[in-house]
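Shown next: protein.txt, containing compact mmCIF, C-alpha atoms.
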# COMPACT_ATOMS: atom_id res chain seq x y z
CA MET O 12 106.17 101.46 45.69
CA THR O 13 104.78 98.30 44.23
CA ASP O 14 103.94 95.03 45.98
CA ARG O 15 106.43 92.54 44.57
CA ARG O 16 104.78 89.54 46.21
CA PRO O 17 103.50 87.04 43.62
CA PRO O 18 99.74 86.86 43.27
CA ILE O 19 98.01 84.20 45.34
CA ARG O 20 95.93 81.84 43.28
CA ASP O 21 93.26 81.62 45.96
CA GLU O 22 92.89 83.96 48.89
CA GLY O 23 91.95 80.98 51.06
CA GLU O 24 94.93 78.94 49.99
CA ILE O 25 97.80 78.51 52.38
CA PRO O 26 101.23 78.16 50.77
CA ASP O 27 102.51 74.61 50.86
CA ARG O 28 105.59 75.46 52.91
CA LEU O 29 103.52 77.28 55.49
CA ALA O 30 101.10 74.37 55.69
CA GLU O 31 104.01 72.00 56.20
CA ASP O 32 105.51 74.16 58.94
CA LEU O 33 102.09 74.48 60.57
CA ARG O 34 101.89 70.70 60.80
CA ARG O 35 105.45 70.53 62.14
CA ALA O 36 104.77 73.28 64.64
CA TYR O 37 101.72 71.63 66.11
CA ALA O 38 102.75 68.00 65.76
CA PRO O 39 104.40 67.85 69.20
CA MET O 40 101.10 68.86 70.75
CA GLY O 41 99.77 65.46 69.83
CA ARG O 42 102.29 63.52 71.85
CA THR O 43 100.78 61.41 74.55
CA SER O 44 102.62 60.08 77.54
CA ASN O 45 102.95 56.38 78.25
CA ARG O 46 101.11 57.07 81.46
CA LEU O 47 98.11 58.49 79.60
CA ASP O 48 98.14 55.63 77.08
CA ARG O 49 98.12 53.09 79.87
CA ALA O 50 95.41 54.94 81.79
CA VAL O 51 93.10 55.12 78.77
CA LEU O 52 93.59 51.47 77.77
CA ASP O 53 93.27 50.20 81.33
CA ALA O 54 90.09 52.18 81.87
CA ALA O 55 88.67 50.91 78.60
CA ASN O 56 89.59 47.31 79.40
CA ALA O 57 88.00 47.62 82.82
CA GLU O 58 84.86 48.92 81.19
CA LEU O 59 84.88 46.09 78.67
CA GLY O 60 85.44 43.59 81.45
CA ARG O 61 82.41 44.87 83.29
CA ALA O 62 80.41 44.67 80.10
CA HIS O 63 81.45 41.04 79.58
CA ARG O 64 80.52 40.12 83.11
CA LEU O 65 77.11 41.70 82.67
CA ALA O 66 76.51 40.19 79.26
CA PHE O 67 73.88 37.42 79.14
CA PRO O 68 72.74 35.37 76.16
CA ARG O 69 69.56 36.71 74.65
CA TRP O 70 67.67 33.53 75.47
CA ALA O 71 68.63 33.91 79.11
CA VAL O 72 67.43 37.50 79.18
CA GLY O 73 64.17 36.47 77.51
CA GLY O 74 63.68 33.62 79.95
CA ALA O 75 64.35 35.84 82.91
CA LEU O 76 61.86 38.39 81.65
CA ALA O 77 59.23 35.69 81.10
CA ALA O 78 59.79 34.31 84.59
CA ALA O 79 59.55 37.78 86.07
CA ALA O 80 56.33 38.44 84.16
CA ALA O 81 54.86 35.15 85.36
CA LEU O 82 55.82 35.96 88.93
CA VAL O 83 54.24 39.40 88.74
CA LEU O 84 51.09 37.93 87.18
CA GLY O 85 50.88 35.22 89.81
CA VAL O 86 51.31 37.63 92.69
CA GLY O 87 48.73 39.94 91.14
CA LEU O 88 46.16 37.18 90.72
CA TRP O 89 46.79 35.93 94.23
CA GLY O 90 46.31 39.45 95.53
CA MET O 91 43.06 39.90 93.62
CA ARG O 92 41.78 36.59 94.89
CA SER O 93 42.72 37.49 98.45
CA ALA O 94 41.23 40.95 98.16
CA GLY O 95 37.95 39.66 96.73
CA ARG O 96 37.46 37.05 99.41
CA PRO O 97 37.06 37.87 103.10
CA LYS O 98 39.21 35.40 104.92
CA ALA O 99 37.85 35.61 108.39
CA LEU O 100 34.15 35.33 107.76
CA PRO O 101 32.80 32.79 110.20
CA PRO O 102 30.44 30.00 109.27
CA VAL O 103 26.79 30.78 109.03
CA ALA O 104 26.28 29.71 112.56
CA GLN O 105 22.89 31.21 112.84
CA ALA O 106 21.58 29.30 109.93
CA PRO O 107 20.22 26.05 111.14
CA ALA O 108 22.66 23.32 110.37
CA SER O 109 19.88 21.43 108.71
CA ALA O 110 18.68 24.38 106.72
CA LEU O 111 21.13 24.19 103.86
CA PRO O 112 22.08 20.61 103.25
CA GLU O 113 19.07 19.93 101.17
CA LEU O 114 18.64 23.38 99.76
CA LEU O 115 20.45 22.58 96.59
CA ASP O 116 20.62 19.45 94.66
CA ARG O 117 24.25 18.43 94.18
CA GLU O 118 23.72 17.97 90.49
CA ALA O 119 22.17 21.40 90.23
CA LEU O 120 25.31 22.78 91.83
CA ALA O 121 27.37 20.73 89.44
CA ASP O 122 25.40 22.18 86.55
CA ALA O 123 26.33 25.58 87.84
CA GLY O 124 29.98 24.56 87.95
CA ILE O 125 29.98 24.27 91.66
CA ALA O 126 31.67 21.68 93.78
CA ALA O 127 29.37 20.98 96.64
CA ALA O 128 30.77 20.82 100.12
CA GLU O 129 30.90 17.64 102.07
CA ALA O 130 31.90 18.72 105.52
CA ASP O 131 29.91 21.89 105.98
CA PRO O 132 26.63 21.84 104.10
CA ALA O 133 26.65 25.63 103.92
CA ASP O 134 30.06 25.58 102.31
CA LEU O 135 28.59 25.32 98.86
CA ASN O 136 31.82 25.78 96.94
CA GLY O 137 33.72 23.43 99.18
CA ASP O 138 36.53 25.77 100.04
CA GLY O 139 36.24 25.14 103.79
CA ARG O 140 34.52 28.43 104.51
CA THR O 141 30.95 29.59 104.36
CA ASP O 142 31.00 33.13 103.16
CA ILE O 143 29.69 35.60 100.62
CA LEU O 144 30.83 33.40 97.76
CA ASP O 145 28.47 30.73 98.95
CA ALA O 146 25.69 33.29 98.94
CA LEU O 147 26.54 34.06 95.33
CA ILE O 148 26.37 30.36 94.50
CA LEU O 149 23.00 30.18 96.07
CA ALA O 150 21.91 33.19 94.07
CA ARG O 151 23.01 31.57 90.86
CA ALA O 152 21.14 28.40 91.64
CA VAL O 153 17.99 30.35 92.42
CA GLU O 154 18.37 32.27 89.19
CA GLN O 155 18.74 29.07 87.18
CA ARG O 156 15.70 27.65 88.81
CA ALA O 157 13.70 30.77 88.10
CA ASP O 158 14.75 30.64 84.45
CA GLY O 159 13.82 26.99 84.21
CA ARG O 160 17.36 26.08 83.21
CA THR O 161 17.82 23.67 86.05
CA ARG O 162 16.90 20.12 85.21
CA ALA O 163 13.67 19.05 86.86
CA ARG O 164 15.17 16.29 88.93
CA THR O 165 17.80 18.54 90.35
CA ALA O 166 15.54 21.55 90.82
CA THR O 167 14.36 20.54 94.23
CA ILE O 168 14.76 23.63 96.24
CA THR O 169 12.79 22.74 99.26
CA ALA O 170 10.95 24.92 101.66
CA GLU O 171 14.05 24.84 103.78
CA LEU O 172 15.51 27.29 101.30
CA ASP O 173 12.96 29.74 102.51
CA LEU O 174 15.42 31.37 104.81
CA ASN O 175 13.33 34.45 105.41
CA GLY O 176 10.19 32.44 106.01
CA ASP O 177 8.06 34.18 103.41
CA GLY O 178 6.84 30.95 101.97
CA ALA O 179 8.88 31.16 98.76
CA SER O 180 12.47 30.31 97.93
CA ASP O 181 13.78 33.03 95.79
CA ALA O 182 16.16 35.96 95.58
CA ALA O 183 14.99 37.26 98.91
CA ASP O 184 16.41 34.17 100.53
CA VAL O 185 19.73 34.81 98.91
CA GLU O 186 19.71 38.34 100.27
CA ALA O 187 18.90 37.02 103.69
CA LEU O 188 21.83 34.65 103.58
CA ALA O 189 24.15 37.38 102.37
CA ALA O 190 22.96 39.77 105.06
CA ARG O 191 23.55 37.18 107.67
CA ILE O 192 27.05 36.50 106.48
CA VAL O 193 27.91 40.19 106.41
CA ALA O 194 26.49 40.66 109.90
CA LEU O 195 28.57 37.79 111.17
CA GLY O 196 31.63 39.25 109.53
CA ARG O 197 31.13 42.54 111.33
CA VAL O 198 30.75 40.80 114.65
CA ALA O 199 33.87 38.78 114.05
CA GLY O 200 35.85 41.83 112.92
CA MET U 200 100.90 45.08 74.99
CA LEU U 201 99.45 47.61 72.61
CA GLY U 202 101.54 46.27 69.76
CA ARG U 203 100.36 42.73 70.50
CA VAL U 204 96.69 43.57 70.38
CA VAL U 205 97.10 45.76 67.33
CA GLY U 206 98.93 42.89 65.72
CA ARG U 207 96.07 40.55 66.52
CA LEU U 208 93.75 43.03 64.96
CA ALA U 209 95.87 43.31 61.86
CA ALA U 210 95.30 39.62 61.29
CA LEU U 211 91.59 40.32 61.24
CA SER U 212 91.88 42.84 58.46
CA PRO U 213 94.93 44.37 56.77
CA GLU U 214 93.70 47.91 57.36
CA PRO U 215 90.46 47.91 59.30
CA THR U 216 88.44 51.03 58.92
CA ASP U 217 87.29 52.99 61.94
CA GLN U 218 83.82 51.61 61.42
CA GLU U 219 85.12 48.03 61.36
CA LEU U 220 86.95 48.65 64.63
CA LEU U 221 83.84 50.16 66.18
CA ASP U 222 81.84 47.14 65.03
CA ALA U 223 84.41 44.82 66.59
CA ILE U 224 83.99 46.62 69.91
CA ALA U 225 80.22 46.29 69.65
CA ARG U 226 80.50 42.56 68.97
CA ALA U 227 83.01 42.24 71.81
CA ASP U 228 85.21 40.03 69.63
CA ASP U 229 88.65 41.35 70.47
CA GLY U 230 87.12 44.59 71.71
CA GLU U 231 90.32 45.43 73.57
CA GLY U 232 92.41 45.17 70.44
CA ALA U 233 89.92 47.16 68.38
CA PHE U 234 89.80 49.90 70.95
CA ALA U 235 93.58 50.00 71.26
CA ALA U 236 93.87 50.35 67.49
CA LEU U 237 91.36 53.20 67.44
CA TYR U 238 93.16 54.93 70.27
CA GLU U 239 96.53 54.54 68.58
CA ARG U 240 95.13 55.91 65.36
CA HIS U 241 93.49 59.02 66.79
CA LYS U 242 95.25 59.82 70.03
CA THR U 243 97.57 62.49 68.58
CA PHE U 244 94.65 64.33 67.04
CA ALA U 245 92.74 64.14 70.31
CA MET U 246 95.73 65.27 72.33
CA ARG U 247 96.33 68.28 70.08
CA VAL U 248 92.73 69.33 70.52
CA GLY U 249 92.91 68.69 74.24
CA ARG U 250 96.07 70.74 74.68
CA ARG U 251 94.68 73.65 72.72
CA PHE U 252 91.47 73.91 74.69
CA ALA U 253 92.46 72.68 78.14
CA GLY U 254 95.38 75.01 78.51
CA ASP U 255 97.41 72.55 80.55
CA GLU U 256 98.76 69.05 80.33
CA ALA U 257 96.61 67.46 83.00
CA GLY U 258 93.42 68.93 81.62
CA ALA U 259 94.30 67.74 78.13
CA ALA U 260 95.01 64.22 79.39
CA ASP U 261 91.72 64.16 81.28
CA ALA U 262 89.86 65.32 78.20
CA VAL U 263 91.45 62.66 76.01
CA GLN U 264 90.70 59.93 78.50
CA GLU U 265 87.08 61.01 78.94
CA ALA U 266 86.57 61.29 75.20
CA PHE U 267 87.92 57.83 74.42
CA LEU U 268 85.92 56.24 77.21
CA ALA U 269 82.84 57.93 75.83
CA LEU U 270 83.78 56.59 72.42
CA MET U 271 84.10 53.06 73.73
CA ARG U 272 80.75 53.18 75.51
CA LYS U 273 79.11 54.51 72.38
CA ALA U 274 80.82 51.88 70.26
CA ARG U 275 79.55 49.11 72.52
CA ARG U 276 76.00 50.28 71.86
CA GLY U 277 76.62 50.16 68.11
CA MET U 278 78.02 53.38 66.70
CA ARG U 279 77.51 54.27 63.04
CA LEU U 280 79.90 56.85 61.67
CA ARG U 281 78.47 59.43 59.33
CA GLY U 282 81.90 60.81 58.50
CA LYS U 283 85.42 60.59 59.83
CA LEU U 284 85.77 59.59 63.44
CA THR U 285 87.73 62.79 64.01
CA THR U 286 84.61 64.83 63.28
CA TRP U 287 82.96 63.05 66.22
CA LEU U 288 86.04 63.23 68.43
CA TYR U 289 86.75 66.90 67.94
CA PRO U 290 83.74 68.43 69.74
CA VAL U 291 83.85 65.75 72.44
CA VAL U 292 87.51 66.37 73.31
CA ARG U 293 87.04 70.11 73.01
CA ASN U 294 84.11 70.12 75.43
CA HIS U 295 85.91 67.94 77.96
CA ALA U 296 89.00 70.12 77.65
CA ALA U 297 86.99 73.29 78.11
CA ARG U 298 85.45 71.85 81.26
CA ALA U 299 88.90 70.89 82.51
CA ARG U 300 90.06 74.43 81.88
CA GLU U 301 87.08 75.78 83.79
CA ARG U 302 87.79 73.46 86.72
CA ARG U 303 91.37 74.64 86.75
CA ARG U 304 90.26 78.26 86.68
CA LEU U 305 88.05 77.66 89.71
CA ALA U 306 90.65 75.63 91.59
CA PRO U 307 93.66 77.22 93.30
CA PRO U 308 96.89 76.99 91.24
CA VAL U 309 99.15 74.09 92.14
CA GLY U 310 102.22 75.16 90.18
CA ASP U 311 103.33 75.81 86.65
CA GLU U 312 102.83 73.14 84.05
CA PRO U 313 105.78 72.30 81.85
CA ALA U 314 105.56 73.75 78.38
CA ALA U 315 104.06 71.30 75.91
CA VAL U 316 106.37 72.38 73.15
CA ALA U 317 109.97 73.38 73.66
CA ASP U 318 113.04 74.06 71.59
CA GLU U 319 111.33 74.68 68.30
CA GLY U 320 113.05 76.66 65.60
CA ASP U 321 112.50 80.33 64.92
CA ASP U 322 110.34 79.65 61.89
CA LEU U 323 108.06 77.29 63.74
CA ALA U 324 107.82 79.72 66.64
CA SER U 325 106.76 82.43 64.21
CA VAL U 326 104.17 80.16 62.66
CA ARG U 327 102.75 79.24 66.04
CA GLY U 328 102.74 82.83 67.16
CA ALA U 329 100.87 83.97 64.07
CA VAL U 330 98.28 81.22 64.20
CA ASP U 331 97.77 81.57 67.93
CA ALA U 332 97.08 85.26 67.37
CA LEU U 333 94.07 84.41 65.18
CA ASP U 334 90.68 84.59 66.77
CA GLU U 335 89.38 81.25 67.97
CA SER U 336 86.90 80.59 65.16
CA ALA U 337 89.52 81.25 62.49
CA ARG U 338 92.19 79.27 64.31
CA GLU U 339 89.89 76.23 64.59
CA VAL U 340 89.34 76.18 60.87
CA VAL U 341 93.06 76.50 60.11
CA MET U 342 93.92 73.75 62.54
CA LEU U 343 91.33 71.32 61.19
CA ARG U 344 91.86 72.08 57.52
CA VAL U 345 95.63 72.46 57.45
CA VAL U 346 97.08 70.67 60.47
CA GLU U 347 94.57 67.82 60.72
CA GLY U 348 93.92 67.61 56.99
CA LEU U 349 90.14 67.49 57.17
CA SER U 350 88.13 68.41 54.10
CA VAL U 351 85.80 71.40 54.09
CA ALA U 352 82.83 69.11 54.66
CA GLU U 353 84.56 67.26 57.51
CA THR U 354 85.61 70.51 59.13
CA ALA U 355 82.05 71.75 58.90
CA ALA U 356 80.80 68.55 60.51
CA ALA U 357 83.35 68.73 63.32
CA LEU U 358 82.50 72.34 64.10
CA GLY U 359 78.79 72.03 63.47
CA ILE U 360 78.76 74.85 60.95
CA ALA U 361 77.98 75.22 57.26
CA GLU U 362 80.61 74.49 54.63
CA GLY U 363 80.31 78.04 53.36
CA THR U 364 81.16 79.31 56.82
CA VAL U 365 84.26 77.12 56.85
CA LYS U 366 85.39 78.63 53.55
CA SER U 367 84.75 82.19 54.62
CA ARG U 368 86.55 81.69 57.93
CA LEU U 369 89.49 80.13 56.16
CA HIS U 370 89.67 83.04 53.72
CA ALA U 371 89.63 85.50 56.59
CA ALA U 372 92.29 83.51 58.45
CA VAL U 373 94.60 83.37 55.45
CA ARG U 374 94.13 87.08 54.85
CA THR U 375 95.17 87.77 58.44
CA LEU U 376 98.15 85.41 58.22
CA ARG U 377 99.24 87.00 54.96
CA ALA U 378 99.28 90.38 56.63
CA ASP U 379 101.39 89.09 59.52
CA PRO U 380 105.00 90.22 58.99
CA ARG U 381 106.29 87.08 60.70
CA LEU U 382 104.93 85.02 57.84
CA ARG U 383 105.85 87.33 54.96
CA ALA U 384 108.52 84.97 53.67
CA TYR U 385 106.00 82.17 53.20
CA PHE U 386 103.65 84.29 51.11
CA ASP U 387 106.44 86.08 49.24
CA ALA U 388 107.80 82.75 48.15
CA GLY U 389 104.30 81.92 46.87

Whole structure given in structure tokens:
Amino acid sequence: MTDRRPPIRDEGEIPDRLAEDLRRAYAPMGRTSNRLDRAVLDAANAELGRAHRLAFPRWAVGGALAAAAALVLGVGLWGMRSAGRPKALPPVAQAPASALPELLDREALADAGIAAAEADPADLNGDGRTDILDALILARAVEQRADGRTRARTATITAELDLNGDGASDAADVEALAARIVALGRVAG
Amino acid sequence: MLGRVVGRLAALSPEPTDQELLDAIARADDGEGAFAALYERHKTFAMRVGRRFAGDEAGAADAVQEAFLALMRKARRGMRLRGKLTTWLYPVVRNHAARARERRRLAPPVGDEPAAVADEGDDLASVRGAVDALDESAREVVMLRVVEGLSVAETAAALGIAEGTVKSRLHAAVRTLRADPRLRAYFDAG
């Protein structure tokens, strides 16, 4: 018995009529209901609506980011400044009120970039407090004097600067002032 | 409503490509109309895939909806097609449909779903019976190549397989169909 079927040109080729009936057979599977169509489009429109509400011009986004960065930077700097400066250190009460006013020539302080205090002579940076920063200012002035960088007429660091009473006004006096400030801070804390 | 937005879109371009529609969604200029046009163009393909893999009407509808929402979100971020949109849609719908089928398997039955296809002729019933009897990998290739009209390369992209694998699966599928007595008339007629 022989196979009377005509030869197939390509084993992988589907006869045209079968291909057509395949498409007809499965075409109804692609029908969508009006309910589904509406659900898909409504969901998409809702999503697009949300996207439009959230959309900002690029310049606005950039400006907001810049403002946020500035805010973060400002808060950070304020925090560093606060952390580096003890707020509650009391004035150098033990230091004789007359001990510091003449310790540093105002111009010498100005040379060092320092705004001299008016109200409290010990408040060398004029921030209303006499604390470790003032001791650092004093240290800088002493250093400039030791290096000869302070102008002669403003280099008058009198004997009153001799806080430790060793007969010389130098770094030891700065240390004495700092130690006093720290001790006062502990008492106050 | 759909006709109105598609009509608006038609004014934009006589026959916008899928990529042009995706770009319109990304630019948000008539994004609704562009999406509606894309949905109208590809919904039957998506629904066929959804029905085949979800196994029920509700699962298929869920899969189609999820797939098109995923498409819209992707389009809004700027989607570049590397082939036909159907090659992207196919695995997405199939995966959503398979998950829907799994959820249904785990959930208690709530009643029989109506048959998706009814009152088809004897010939079409035979065709469906023969193709449905193929193993899944062969049936996928037949559906994409013959029913959906994708090229070998597009079928390979949709399935994530090599073009040679597409050809070999199609050969095997046709060999099986040829041996099926229900389809003898088609092959005898040549």

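For the pair atom CA of Asp48 of chain O and atom CA of Ala260 of chain U, the interatomic distance is 9.4 Å.
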
Hey, which bits of chain U sit within 6 Å of chain O, and for each residue what's the closest pair of atoms and how far apart in Å (one decimal), counting all atoms listed in the file, rows by chain and increasing number, as a Markdown table?
| residue | atom | partner | partner_atom | distance |
| --- | --- | --- | --- | --- |
| U:Thr243 | CA | O:Gly41 | CA | 3.9 |
| U:Phe244 | CA | O:Gly41 | CA | 5.9 |
| U:Met246 | CA | O:Gly41 | CA | 4.8 |
| U:Arg247 | CA | O:Gly41 | CA | 4.5 |
| U:Gln264 | CA | O:Val51 | CA | 5.4 |
| U:Leu323 | CA | O:Ala36 | CA | 5.3 |
| U:Val346 | CA | O:Arg34 | CA | 4.8 |
| U:Leu369 | CA | O:Gly23 | CA | 5.7 |
| U:His370 | CA | O:Gly23 | CA | 4.1 |
| U:Val373 | CA | O:Gly23 | CA | 5.7 |
| U:Tyr385 | CA | O:Leu29 | CA | 5.9 |
| U:Asp387 | CA | O:Arg16 | CA | 4.9 |

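With atom CA of Tyr238 of chain U on one side and atom CA of Ala259 of chain U on the other, the separation reads 15.1 Å.
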
In terms of only C-alpha atoms, the residue from U:Arg276, U:Arg240, U:His295, U:Arg381 at minimal distance from Ser325 of chain U is U:Arg381

Point (85.4, 73.4, 83.6) neighbourhood (12 Å, all atoms listed in the file) written as a PyMOL selection string = chain U and resi 252-254+258-259+261-262+293-306

Would you pick out the contacts of Thr375 of chain U at 12 Å or less, using only C-alpha atoms, so that residues sharing its chain but fewer than 6 positions from it are not included, and give the list as an mmCIF file with C-alpha atoms, in the coordinates of the input?
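Heads up, here's the output in out.cif:
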data_model
loop_
_atom_site.group_PDB
_atom_site.id
_atom_site.type_symbol
_atom_site.label_atom_id
_atom_site.label_comp_id
_atom_site.auth_asym_id
_atom_site.auth_seq_id
_atom_site.Cartn_x
_atom_site.Cartn_y
_atom_site.Cartn_z
ATOM 1 C CA GLU O 22 92.890 83.960 48.890
ATOM 2 C CA GLY O 23 91.950 80.980 51.060
ATOM 3 C CA ILE O 25 97.800 78.510 52.380
ATOM 4 C CA ALA U 329 100.870 83.970 64.070
ATOM 5 C CA VAL U 330 98.280 81.220 64.200
ATOM 6 C CA ASP U 331 97.770 81.570 67.930
ATOM 7 C CA ALA U 332 97.080 85.260 67.370
ATOM 8 C CA LEU U 333 94.070 84.410 65.180
ATOM 9 C CA ASP U 334 90.680 84.590 66.770
ATOM 10 C CA ALA U 337 89.520 81.250 62.490
ATOM 11 C CA ARG U 338 92.190 79.270 64.310
ATOM 12 C CA VAL U 341 93.060 76.500 60.110
ATOM 13 C CA ARG U 368 86.550 81.690 57.930
ATOM 14 C CA LEU U 369 89.490 80.130 56.160
ATOM 15 C CA ARG U 381 106.290 87.080 60.700
ATOM 16 C CA LEU U 382 104.930 85.020 57.840
ATOM 17 C CA ARG U 383 105.850 87.330 54.960
ATOM 18 C CA PHE U 386 103.650 84.290 51.110
#

Any idea what the distance is between atom CA of Ile360 of chain U and atom CA of Gly348 of chain U?
-> 17.3 Å

Spatial neighbours of Thr285 of chain U, 12 Å, all atoms listed in the file, chain gap at least 6 places, as a CSV table (one decimal) with C-alpha atoms, keeping the file's coordinate frame:
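New file part32.csv:
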chain,number,residue,atom,x,y,z
U,217,ASP,CA,87.3,53.0,61.9
U,237,LEU,CA,91.4,53.2,67.4
U,238,TYR,CA,93.2,54.9,70.3
U,240,ARG,CA,95.1,55.9,65.4
U,241,HIS,CA,93.5,59.0,66.8
U,242,LYS,CA,95.2,59.8,70.0
U,243,THR,CA,97.6,62.5,68.6
U,244,PHE,CA,94.6,64.3,67.0
U,245,ALA,CA,92.7,64.1,70.3
U,246,MET,CA,95.7,65.3,72.3
U,247,ARG,CA,96.3,68.3,70.1
U,248,VAL,CA,92.7,69.3,70.5
U,266,ALA,CA,86.6,61.3,75.2
U,267,PHE,CA,87.9,57.8,74.4
U,270,LEU,CA,83.8,56.6,72.4
U,291,VAL,CA,83.8,65.8,72.4
U,292,VAL,CA,87.5,66.4,73.3
U,293,ARG,CA,87.0,70.1,73.0
U,343,LEU,CA,91.3,71.3,61.2
U,347,GLU,CA,94.6,67.8,60.7
U,348,GLY,CA,93.9,67.6,57.0
U,349,LEU,CA,90.1,67.5,57.2
U,350,SER,CA,88.1,68.4,54.1
U,353,GLU,CA,84.6,67.3,57.5
U,354,THR,CA,85.6,70.5,59.1
U,355,ALA,CA,82.0,71.8,58.9
U,356,ALA,CA,80.8,68.6,60.5
U,357,ALA,CA,83.4,68.7,63.3
U,358,LEU,CA,82.5,72.3,64.1

Of U:Val365, U:Gly277, U:Ala269, U:Glu239, the one sitting nearest Arg226 of chain U when using all atoms listed in the file is U:Gly277
